[in-house]
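**Q** For reference, the structure I am asking about is given below.
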Amino acid sequence: KLVTDTTAALAKADADMKTSIEAHKIAVAAADAAGKAVAPAEAQANAAREADRNSRIDLIIADAQVSAAARKIAYWKAAQFNVQVLAAGRELEQKQANAEATLAYANELKSIADRTAAELAGVKKAMAEAPALMKSKEEEVAKTKAALDAANAALPNLKSDLAAKQAGAKTAADALTAAANELNKGQTVLKAVQESAAAAETSAKAAADAAAKAKAAAEAMADMSMLVESSAKAQQALAEANAALESARGAVRQVEGKVKTLTDEHAKAKVSLDAANAAVVAAQKLVDEQPNVIKQAESALAAATDARAKAQAMVDALPARLAALEPAAKQSGDDAAAAREAANKAAAEVAPLKQKHEQLAAEYQKMKP
């Protein structure tokens, strides 16, 4: 389009130049006619002077005719010179338009050459990097496949782990139940020995009271052997009651120690059951989530496989693209260089024409009547 517009502009400028030449011819003819009119006017003036020097009016008229003819000649000469100025201006405009169009065309070709060269460099770089690219794509496929295999293999293990955790929780629950039963039994025994101790304490108190009374009676009536014997029996009964009380208290302490142990064991069994139940919940969550993990791994493998296929297709197309770009890059570079040379030549033609036009315009200003 740029070349077409430039050609049209040149055709118009050529037509304008022809019109200017025709106008120049007309101006030249008019100037010649005006020049030929000078001689008769001068002859007429001389005749008028010779014929009648006293006729001042005729002389003034003749002089006026001569002056008018001279002014007319100057006007036509200036007009004739102005045609040259216009012709030089049109030629300058034509050359400037041609230089601008040629420069724009050269810049466009330079841009095309730069883009082609950049694309060629990109293709060469991609070819150099292709092995590393394909290696990374293969590694990504292998990595995602290994992740999928691991996810699939993990599901049975997770289920086995869940079953083990559930079994452990059942064992912990059974242990807690057993500990609770033992604790209940211990608490029942403790209650019984505590009641027995209380009864022994009551018996010991009663024996102490009886022994005290028997002793007092024996001391009051020492001559009565029966009271002395009764007091001795009372003392014996008191000793036995105290021994029974101490034994009952020892039993209470022993059972309390056992109950405390059973209480601690029950608390530990409760903690163990809570931990086992928490482990079951965590294991169940992993089992429930694993299908999503597998699905995500499958998606990742599909994406990596697709990326590898696209990369391979791109790599396979690079040689043909290189073969097409190398001559295109050379041709576009040659075209850009030729266009730049033409633009420089066109620009060099403008300066002298501009100087010529300025000189002619200055001379025309001096010649204007």
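Residue numbering restarts at 1 in every chain; chains get A, B, ... in the order shown in the structure tokens, and ligands count up from 1 in that same order.
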Each residue of region 103-194 of chain A lying at most 10 Å from region 268-272 of chain A should get a row with its shortest atom-to-atom pair and the distance in Å to one decimal, counting only C-alpha atoms; could you produce that, ordered by chain and increasing number, as JSON lines?

**A**
{"residue": "A:Gly168", "atom": "CA", "partner": "A:Ser272", "partner_atom": "CA", "distance": 9.5}
{"residue": "A:Ala169", "atom": "CA", "partner": "A:Ser272", "partner_atom": "CA", "distance": 8.3}
{"residue": "A:Thr171", "atom": "CA", "partner": "A:Ser272", "partner_atom": "CA", "distance": 9.7}
{"residue": "A:Ala172", "atom": "CA", "partner": "A:Ser272", "partner_atom": "CA", "distance": 6.2}
{"residue": "A:Ala173", "atom": "CA", "partner": "A:Ala269", "partner_atom": "CA", "distance": 7.8}
{"residue": "A:Asp174", "atom": "CA", "partner": "A:Ala269", "partner_atom": "CA", "distance": 9.1}
{"residue": "A:Ala175", "atom": "CA", "partner": "A:Ala269", "partner_atom": "CA", "distance": 6.3}
{"residue": "A:Leu176", "atom": "CA", "partner": "A:Ala269", "partner_atom": "CA", "distance": 4.9}
{"residue": "A:Thr177", "atom": "CA", "partner": "A:Ala269", "partner_atom": "CA", "distance": 8.7}
{"residue": "A:Ala178", "atom": "CA", "partner": "A:Ala269", "partner_atom": "CA", "distance": 9.3}
{"residue": "A:Ala179", "atom": "CA", "partner": "A:Ala269", "partner_atom": "CA", "distance": 7.2}
{"residue": "A:Ala180", "atom": "CA", "partner": "A:Ala269", "partner_atom": "CA", "distance": 9.1}

**Q** Figure out the distance between CA of Leu238 (chain A) and CA of Ala207 (chain A), please, to one decimal in Å.

**A** 4.8 Å

**Q** Give me, as a PDB file with all heavy atoms, in the first residue's frame, all polymer residues having an atom no more than 12 Å from Thr202 (chain A), counting only C-alpha atoms and skipping those fewer than 6 positions away in the same chain.

**A**
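Saved the output as part_5.pdb:
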ATOM      1  N   GLU A 195     -16.690 -51.170 107.283  1.00  0.00           N
ATOM      2  CA  GLU A 195     -17.798 -51.484 108.186  1.00  0.00           C
ATOM      3  C   GLU A 195     -17.321 -52.453 109.279  1.00  0.00           C
ATOM      4  O   GLU A 195     -17.706 -52.329 110.456  1.00  0.00           O
ATOM      5  CB  GLU A 195     -18.954 -52.089 107.392  1.00  0.00           C
ATOM      6  CG  GLU A 195     -19.660 -51.094 106.486  1.00  0.00           C
ATOM      7  CD  GLU A 195     -20.736 -51.748 105.620  1.00  0.00           C
ATOM      8  OE1 GLU A 195     -20.811 -53.012 105.610  1.00  0.00           O
ATOM      9  OE2 GLU A 195     -21.490 -51.009 104.943  1.00  0.00           O
ATOM     10  N   SER A 196     -16.499 -53.430 108.870  1.00  0.00           N
ATOM     11  CA  SER A 196     -15.954 -54.388 109.847  1.00  0.00           C
ATOM     12  C   SER A 196     -15.079 -53.677 110.871  1.00  0.00           C
ATOM     13  O   SER A 196     -15.132 -53.961 112.072  1.00  0.00           O
ATOM     14  CB  SER A 196     -15.161 -55.482 109.123  1.00  0.00           C
ATOM     15  OG  SER A 196     -14.582 -56.372 110.054  1.00  0.00           O
ATOM     16  N   ALA A 208     -13.614 -52.515 126.354  1.00  0.00           N
ATOM     17  CA  ALA A 208     -12.862 -51.634 127.243  1.00  0.00           C
ATOM     18  C   ALA A 208     -13.750 -51.205 128.418  1.00  0.00           C
ATOM     19  O   ALA A 208     -13.308 -51.180 129.582  1.00  0.00           O
ATOM     20  CB  ALA A 208     -12.354 -50.430 126.466  1.00  0.00           C
ATOM     21  N   ASP A 209     -15.005 -50.894 128.118  1.00  0.00           N
ATOM     22  CA  ASP A 209     -15.938 -50.489 129.176  1.00  0.00           C
ATOM     23  C   ASP A 209     -16.172 -51.662 130.158  1.00  0.00           C
ATOM     24  O   ASP A 209     -16.155 -51.502 131.391  1.00  0.00           O
ATOM     25  CB  ASP A 209     -17.266 -50.036 128.569  1.00  0.00           C
ATOM     26  CG  ASP A 209     -17.130 -48.714 127.824  1.00  0.00           C
ATOM     27  OD1 ASP A 209     -16.124 -47.977 128.046  1.00  0.00           O
ATOM     28  OD2 ASP A 209     -18.001 -48.402 126.961  1.00  0.00           O
ATOM     29  N   LEU A 238     -10.798 -57.638 126.093  1.00  0.00           N
ATOM     30  CA  LEU A 238     -10.404 -56.309 125.606  1.00  0.00           C
ATOM     31  C   LEU A 238      -9.175 -56.433 124.707  1.00  0.00           C
ATOM     32  O   LEU A 238      -9.098 -55.797 123.653  1.00  0.00           O
ATOM     33  CB  LEU A 238     -10.111 -55.390 126.804  1.00  0.00           C
ATOM     34  CG  LEU A 238      -9.563 -53.999 126.436  1.00  0.00           C
ATOM     35  CD1 LEU A 238     -10.550 -53.248 125.533  1.00  0.00           C
ATOM     36  CD2 LEU A 238      -9.293 -53.195 127.717  1.00  0.00           C
ATOM     37  N   ALA A 241     -10.274 -57.786 121.475  1.00  0.00           N
ATOM     38  CA  ALA A 241     -11.036 -56.781 120.708  1.00  0.00           C
ATOM     39  C   ALA A 241     -10.095 -55.747 120.105  1.00  0.00           C
ATOM     40  O   ALA A 241     -10.250 -55.318 118.956  1.00  0.00           O
ATOM     41  CB  ALA A 241     -12.067 -56.121 121.605  1.00  0.00           C
ATOM     42  N   ASN A 242      -9.088 -55.336 120.908  1.00  0.00           N
ATOM     43  CA  ASN A 242      -8.120 -54.368 120.371  1.00  0.00           C
ATOM     44  C   ASN A 242      -7.316 -54.970 119.217  1.00  0.00           C
ATOM     45  O   ASN A 242      -6.997 -54.296 118.225  1.00  0.00           O
ATOM     46  CB  ASN A 242      -7.192 -53.906 121.488  1.00  0.00           C
ATOM     47  CG  ASN A 242      -7.885 -52.947 122.452  1.00  0.00           C
ATOM     48  OD1 ASN A 242      -8.833 -52.237 122.065  1.00  0.00           O
ATOM     49  ND2 ASN A 242      -7.464 -52.911 123.721  1.00  0.00           N
ATOM     50  N   ALA A 244      -8.383 -57.343 117.265  1.00  0.00           N
ATOM     51  CA  ALA A 244      -9.302 -57.425 116.119  1.00  0.00           C
ATOM     52  C   ALA A 244      -9.468 -56.048 115.458  1.00  0.00           C
ATOM     53  O   ALA A 244      -9.521 -55.916 114.233  1.00  0.00           O
ATOM     54  CB  ALA A 244     -10.652 -57.969 116.573  1.00  0.00           C
ATOM     55  N   LEU A 245      -9.514 -54.999 116.316  1.00  0.00           N
ATOM     56  CA  LEU A 245      -9.652 -53.638 115.777  1.00  0.00           C
ATOM     57  C   LEU A 245      -8.425 -53.263 114.965  1.00  0.00           C
ATOM     58  O   LEU A 245      -8.524 -52.704 113.865  1.00  0.00           O
ATOM     59  CB  LEU A 245      -9.865 -52.655 116.930  1.00  0.00           C
ATOM     60  CG  LEU A 245      -9.903 -51.169 116.532  1.00  0.00           C
ATOM     61  CD1 LEU A 245     -11.041 -50.905 115.528  1.00  0.00           C
ATOM     62  CD2 LEU A 245     -10.085 -50.303 117.776  1.00  0.00           C
ATOM     63  N   ALA A 248      -8.520 -55.055 111.772  1.00  0.00           N
ATOM     64  CA  ALA A 248      -9.511 -54.466 110.856  1.00  0.00           C
ATOM     65  C   ALA A 248      -8.978 -53.175 110.250  1.00  0.00           C
ATOM     66  O   ALA A 248      -9.147 -52.900 109.058  1.00  0.00           O
ATOM     67  CB  ALA A 248     -10.821 -54.225 111.588  1.00  0.00           C
TER      68      ALA A 248
END

**Q** Pick the closest to Asp149 (chain A) from A:Ala212, A:Leu301, A:Lys124, A:Lys330: which is it, counting only C-alpha atoms?

**A**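 Using only C-alpha atoms, Asp149 (chain A) sits closest to A:Leu301.
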
**Q** Would you pick out the contacts of Ala126 (chain A) at 9 Å or less, using only C-alpha atoms, so that residues sharing its chain but fewer than 5 positions from it are not included, and give the list as a list in words?

**A**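 These residues fall inside the cut-off: Ala121, Leu133, Val315 and Leu318 of chain A.
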
**Q** Could you write out that same residue set with C-alpha atoms as a PDB file, in the first residue's frame?

**A**
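The result, stored in part-v2.pdb:
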ATOM      1  CA  ALA A 121      16.649 -16.787  17.561  1.00  0.00           C
ATOM      2  CA  LEU A 133      12.668 -29.468  28.488  1.00  0.00           C
ATOM      3  CA  VAL A 315       9.867 -29.864  19.746  1.00  0.00           C
ATOM      4  CA  LEU A 318      10.959 -26.857  15.509  1.00  0.00           C
TER       5      LEU A 318
END

**Q** Could you pull the residues within 9 Å of Val287 (chain A), counting only C-alpha atoms, minus those fewer than 4 positions along the same chain, as a list in words?

**A**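 Non-adjacent residues within range: Leu155, Pro156, Leu158, Lys159, Leu162, Ala282, Ala283 and Pro291 of chain A.
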
**Q** Please dump the current selection as a tab-separated table (two decimals), in the first residue's frame; keep all heavy atoms.

**A**
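Output contents, as saved in result_14.tsv:
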chain	number	residue	atom	x	y	z
A	155	LEU	N	-3.78	-46.87	50.31
A	155	LEU	CA	-5.16	-47.10	50.78
A	155	LEU	C	-5.30	-48.42	51.55
A	155	LEU	O	-5.88	-48.41	52.66
A	155	LEU	CB	-6.13	-47.05	49.60
A	155	LEU	CG	-7.61	-47.18	49.95
A	155	LEU	CD1	-8.01	-46.10	50.95
A	155	LEU	CD2	-8.47	-47.12	48.70
A	156	PRO	N	-4.82	-49.57	51.04
A	156	PRO	CA	-4.91	-50.80	51.84
A	156	PRO	C	-4.17	-50.70	53.17
A	156	PRO	O	-4.66	-51.19	54.20
A	156	PRO	CB	-4.28	-51.87	50.94
A	156	PRO	CG	-4.40	-51.32	49.56
A	156	PRO	CD	-4.26	-49.84	49.70
A	158	LEU	N	-3.66	-47.97	54.86
A	158	LEU	CA	-4.45	-47.11	55.75
A	158	LEU	C	-5.63	-47.88	56.34
A	158	LEU	O	-5.97	-47.70	57.52
A	158	LEU	CB	-4.95	-45.89	54.98
A	158	LEU	CG	-3.87	-44.87	54.57
A	158	LEU	CD1	-4.48	-43.77	53.69
A	158	LEU	CD2	-3.22	-44.24	55.80
A	159	LYS	N	-6.24	-48.71	55.51
A	159	LYS	CA	-7.37	-49.51	56.02
A	159	LYS	C	-6.88	-50.51	57.07
A	159	LYS	O	-7.56	-50.73	58.09
A	159	LYS	CB	-8.05	-50.23	54.87
A	159	LYS	CG	-8.84	-49.30	53.95
A	159	LYS	CD	-9.54	-50.08	52.85
A	159	LYS	CE	-10.38	-49.15	51.97
A	159	LYS	NZ	-11.05	-49.88	50.86
A	162	LEU	N	-6.25	-48.65	60.14
A	162	LEU	CA	-7.52	-48.32	60.80
A	162	LEU	C	-8.05	-49.52	61.56
A	162	LEU	O	-8.50	-49.39	62.72
A	162	LEU	CB	-8.54	-47.86	59.76
A	162	LEU	CG	-9.96	-47.63	60.27
A	162	LEU	CD1	-9.97	-46.54	61.35
A	162	LEU	CD2	-10.90	-47.27	59.13
A	282	ALA	N	-8.47	-40.35	63.64
A	282	ALA	CA	-7.46	-39.87	62.70
A	282	ALA	C	-7.25	-40.86	61.56
A	282	ALA	O	-7.15	-40.47	60.38
A	282	ALA	CB	-6.14	-39.62	63.44
A	283	ALA	N	-7.20	-42.15	61.89
A	283	ALA	CA	-7.01	-43.18	60.86
A	283	ALA	C	-8.22	-43.23	59.92
A	283	ALA	O	-8.07	-43.38	58.71
A	283	ALA	CB	-6.79	-44.54	61.51
A	291	PRO	N	-9.36	-41.49	48.81
A	291	PRO	CA	-9.90	-41.44	47.44
A	291	PRO	C	-9.69	-40.08	46.77
A	291	PRO	O	-9.38	-40.02	45.58
A	291	PRO	CB	-11.39	-41.76	47.64
A	291	PRO	CG	-11.42	-42.60	48.87
A	291	PRO	CD	-10.36	-42.03	49.76

**Q** Show me, as JSON, numbers by chain, the residues that have an atom within 8 Å of Leu120 (chain A) when counting only C-alpha atoms, minus same-chain residues fewer than 3 positions from it.

**A** {"A": [116, 117, 123, 124, 322, 325, 326, 329]}

**Q** What would the file look like if the residues just selected were written as a PDB file, in the first residue's frame with all heavy atoms?

**A**
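The result, stored in part30.pdb:
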ATOM      1  N   THR A 116      11.423 -11.210  12.459  1.00  0.00           N
ATOM      2  CA  THR A 116      11.806 -12.511  11.905  1.00  0.00           C
ATOM      3  C   THR A 116      13.086 -13.020  12.550  1.00  0.00           C
ATOM      4  O   THR A 116      13.203 -14.206  12.886  1.00  0.00           O
ATOM      5  CB  THR A 116      11.983 -12.404  10.385  1.00  0.00           C
ATOM      6  OG1 THR A 116      10.796 -11.849   9.799  1.00  0.00           O
ATOM      7  CG2 THR A 116      12.233 -13.774   9.778  1.00  0.00           C
ATOM      8  N   ALA A 117      14.061 -12.112  12.724  1.00  0.00           N
ATOM      9  CA  ALA A 117      15.323 -12.511  13.366  1.00  0.00           C
ATOM     10  C   ALA A 117      15.080 -12.944  14.815  1.00  0.00           C
ATOM     11  O   ALA A 117      15.676 -13.919  15.284  1.00  0.00           O
ATOM     12  CB  ALA A 117      16.313 -11.349  13.315  1.00  0.00           C
ATOM     13  N   VAL A 123      13.508 -19.807  18.044  1.00  0.00           N
ATOM     14  CA  VAL A 123      13.432 -21.201  17.605  1.00  0.00           C
ATOM     15  C   VAL A 123      14.753 -21.923  17.883  1.00  0.00           C
ATOM     16  O   VAL A 123      14.767 -23.061  18.380  1.00  0.00           O
ATOM     17  CB  VAL A 123      13.084 -21.272  16.105  1.00  0.00           C
ATOM     18  CG1 VAL A 123      13.256 -22.691  15.574  1.00  0.00           C
ATOM     19  CG2 VAL A 123      11.650 -20.822  15.882  1.00  0.00           C
ATOM     20  N   LYS A 124      15.868 -21.260  17.589  1.00  0.00           N
ATOM     21  CA  LYS A 124      17.177 -21.870  17.856  1.00  0.00           C
ATOM     22  C   LYS A 124      17.362 -22.115  19.356  1.00  0.00           C
ATOM     23  O   LYS A 124      17.881 -23.161  19.763  1.00  0.00           O
ATOM     24  CB  LYS A 124      18.296 -20.971  17.322  1.00  0.00           C
ATOM     25  CG  LYS A 124      18.367 -20.927  15.799  1.00  0.00           C
ATOM     26  CD  LYS A 124      19.506 -20.036  15.325  1.00  0.00           C
ATOM     27  CE  LYS A 124      19.607 -20.044  13.815  1.00  0.00           C
ATOM     28  NZ  LYS A 124      20.707 -19.171  13.328  1.00  0.00           N
ATOM     29  N   LEU A 322      12.445 -23.895  11.741  1.00  0.00           N
ATOM     30  CA  LEU A 322      13.785 -23.348  11.512  1.00  0.00           C
ATOM     31  C   LEU A 322      14.096 -23.273  10.028  1.00  0.00           C
ATOM     32  O   LEU A 322      14.626 -22.266   9.533  1.00  0.00           O
ATOM     33  CB  LEU A 322      14.812 -24.214  12.234  1.00  0.00           C
ATOM     34  CG  LEU A 322      16.277 -23.800  12.061  1.00  0.00           C
ATOM     35  CD1 LEU A 322      16.509 -22.430  12.706  1.00  0.00           C
ATOM     36  CD2 LEU A 322      17.200 -24.835  12.679  1.00  0.00           C
ATOM     37  N   LEU A 325      12.257 -20.334   8.571  1.00  0.00           N
ATOM     38  CA  LEU A 325      12.634 -19.017   9.066  1.00  0.00           C
ATOM     39  C   LEU A 325      14.004 -18.560   8.574  1.00  0.00           C
ATOM     40  O   LEU A 325      14.225 -17.356   8.382  1.00  0.00           O
ATOM     41  CB  LEU A 325      12.627 -19.009  10.596  1.00  0.00           C
ATOM     42  CG  LEU A 325      11.262 -18.859  11.265  1.00  0.00           C
ATOM     43  CD1 LEU A 325      11.386 -19.011  12.765  1.00  0.00           C
ATOM     44  CD2 LEU A 325      10.656 -17.496  10.933  1.00  0.00           C
ATOM     45  N   GLU A 326      14.933 -19.475   8.395  1.00  0.00           N
ATOM     46  CA  GLU A 326      16.292 -19.066   8.001  1.00  0.00           C
ATOM     47  C   GLU A 326      16.312 -18.299   6.677  1.00  0.00           C
ATOM     48  O   GLU A 326      16.867 -17.187   6.614  1.00  0.00           O
ATOM     49  CB  GLU A 326      17.198 -20.295   7.951  1.00  0.00           C
ATOM     50  CG  GLU A 326      17.593 -20.784   9.343  1.00  0.00           C
ATOM     51  CD  GLU A 326      18.495 -21.992   9.307  1.00  0.00           C
ATOM     52  OE1 GLU A 326      18.427 -22.756   8.322  1.00  0.00           O
ATOM     53  OE2 GLU A 326      19.262 -22.187  10.275  1.00  0.00           O
ATOM     54  N   ALA A 329      14.430 -14.978   7.161  1.00  0.00           N
ATOM     55  CA  ALA A 329      15.204 -13.973   7.896  1.00  0.00           C
ATOM     56  C   ALA A 329      16.247 -13.317   7.006  1.00  0.00           C
ATOM     57  O   ALA A 329      16.455 -12.098   7.059  1.00  0.00           O
ATOM     58  CB  ALA A 329      15.879 -14.633   9.099  1.00  0.00           C
TER      59      ALA A 329
END

**Q** Work out how far CA of Ala278 (chain A) is from CA of Lys165 (chain A), in Å to one decimal.

**A** 9.3 Å

**Q** Between CA of Ala197 (chain A) and CA of Arg249 (chain A), what is the distance, to one decimal in Å?

**A** 5.8 Å

**Q** Of the candidates A:Asn181, A:Gln254, A:Thr144, A:Gln355, which one gets nearest to His266 (chain A) if we count only C-alpha atoms?

**A** A:Asn181

**Q** Give me, as a PyMOL selection string, all polymer residues having an atom no more than 12 Å from Ala337 (chain A), counting only C-alpha atoms and skipping those fewer than 2 positions away in the same chain.

**A** chain A and resi 103+105-114+330-335+339-344

**Q** Between A:Ala320, A:Val280, A:Asp306, A:Ala338, which one has atoms that come closest to Ala164 (chain A), using only C-alpha atoms?

**A** A:Val280
